[in-house]
Amino acid sequence: MDFGANKNNLLKQLSQNKHNKHLEMRSMEARQRIMEKEKEKERGDAGEDTQTVSVEKTNKPPVAIFGIKSHFTTGLKDTLQQYCEVYEFSEADKATDFLFSNQIPVAFIDMDAPNDPKNATEFFSTGKTINSNMRYIIYHKEDRMPETIEAMAKQGATVFRKPIDRIELIERVRDFTAKWREANAPKQTGEEQNDAENIEDISAY
């Protein structure tokens, strides 16, 4: 019997269980925040500065990027904003407030330093609690997937390694925003419809 291998497997399982419990705790906290937000709305105490998605203004699928501004997030935004309305956040409170106020199809998370994994986990857990249909795309640069990211992947997050593979990114976002585009298509004019469908032709470039 390979005691060394058994020990490593046990340690890995214990570590994974710890991460799962951590995510469950974050989910409970997210549900508590939802209840508090609902109470604030009833009292009329909701914040005035929360960004709101305007379908009439953009006619593009809204997406959120969570991460401290960097060369990576700038490149990600430049790639996405050709066919998506991009909302950027570096603070967990503002990011989660945005999720409370808007139903968006996709959110992106930069997990690398100097970003705080705890804030990223909070954003992830809150989003999954508020909108089970929202999809997450997580980026990291490590050769091996960190345990925190692995736990998110097991809960449905899509994980990409840096740098950005533009074709892969566009194709995945196209799939994740399909329902949003179908739901909002009747509101678009012919020219706006062509702009929204640019995503379909991205692989030609």
# chains A, B, ... in the order shown; residues from 1 in each chain; ligands from 1

call {"tool": "residues_around", "arguments": {"residues": "Val106 of chain A", "least_positions_apart": "4", "cutoff": "7 Å", "atoms": "only C-alpha atoms", "output": "CSV table (one decimal) with C-alpha atoms, in the first residue's frame"}}
result
chain,number,residue,atom,x,y,z
A,63,VAL,CA,-21.0,42.0,-18.9
A,64,ALA,CA,-19.0,42.8,-15.7
A,134,MET,CA,-25.3,34.0,-14.8
A,135,ARG,CA,-22.1,32.5,-16.1
A,136,TYR,CA,-18.6,33.2,-14.8
A,176,PHE,CA,-23.3,32.5,-22.8

call {"tool": "select_by_dssp", "arguments": {"residues": "segment 126-191 of chain A", "states": "strand (DSSP E or B)", "output": "PyMOL selection string"}}
result
chain A and resi 135-140+158-161

call {"tool": "write_last_selection", "arguments": {"atoms": "N, CA and C atoms", "output": "compact mmCIF listing (two decimals), in the first residue's frame"}}
result
# COMPACT_ATOMS: atom_id res chain seq x y z
N ARG A 135 -23.29 33.34 -15.92
CA ARG A 135 -22.10 32.53 -16.10
C ARG A 135 -20.86 33.32 -15.71
N TYR A 136 -19.88 32.62 -15.19
CA TYR A 136 -18.62 33.24 -14.79
C TYR A 136 -17.48 32.72 -15.65
N ILE A 137 -16.60 33.63 -16.04
CA ILE A 137 -15.35 33.27 -16.71
C ILE A 137 -14.22 33.81 -15.85
N ILE A 138 -13.37 32.90 -15.39
CA ILE A 138 -12.29 33.26 -14.48
C ILE A 138 -10.94 33.13 -15.19
N TYR A 139 -10.10 34.13 -15.00
CA TYR A 139 -8.76 34.11 -15.60
C TYR A 139 -7.68 34.03 -14.52
N HIS A 140 -6.65 33.23 -14.79
CA HIS A 140 -5.49 33.16 -13.91
C HIS A 140 -4.26 32.80 -14.75
N THR A 158 -16.26 28.88 -15.75
CA THR A 158 -15.35 28.54 -16.84
C THR A 158 -14.00 29.18 -16.55
N VAL A 159 -12.94 28.41 -16.64
CA VAL A 159 -11.61 28.90 -16.26
C VAL A 159 -10.70 28.95 -17.49
N PHE A 160 -10.12 30.11 -17.73
CA PHE A 160 -9.15 30.30 -18.80
C PHE A 160 -7.81 30.73 -18.20
N ARG A 161 -6.75 30.29 -18.84
CA ARG A 161 -5.41 30.76 -18.43
C ARG A 161 -5.04 31.96 -19.27

call {"tool": "closest_residue", "arguments": {"among": "A:Ile170, A:Ala178, A:Ala157, A:Ile65", "to": "Lys94 of chain A", "atoms": "only C-alpha atoms"}}
result
A:Ile65

call {"tool": "residues_around", "arguments": {"residues": "segment 71-79 of chain A", "least_positions_apart": "5", "cutoff": "12 Å", "atoms": "only C-alpha atoms", "output": "PyMOL selection string"}}
result
chain A and resi 62-66+84-90+107-113+115+137-141+161-170+173+199+202

call {"tool": "closest_residue", "arguments": {"among": "A:Lys118, A:Leu80, A:Lys154, A:Thr129", "to": "Leu99 of chain A", "atoms": "only C-alpha atoms"}}
result
A:Thr129

call {"tool": "closest_residue", "arguments": {"among": "A:Lys60, A:Ile130, A:Gly156, A:Ile68", "to": "Tyr83 of chain A", "atoms": "only C-alpha atoms"}}
result
A:Lys60

call {"tool": "closest_residue", "arguments": {"among": "A:Asp175, A:Gly127, A:Ala120, A:Gln81", "to": "Phe98 of chain A", "atoms": "only C-alpha atoms"}}
result
A:Gly127

call {"tool": "atom_distance", "arguments": {"atom1": "atom CA of Asn184 of chain A", "atom2": "atom CA of Glu171 of chain A"}}
result
19.4 Å
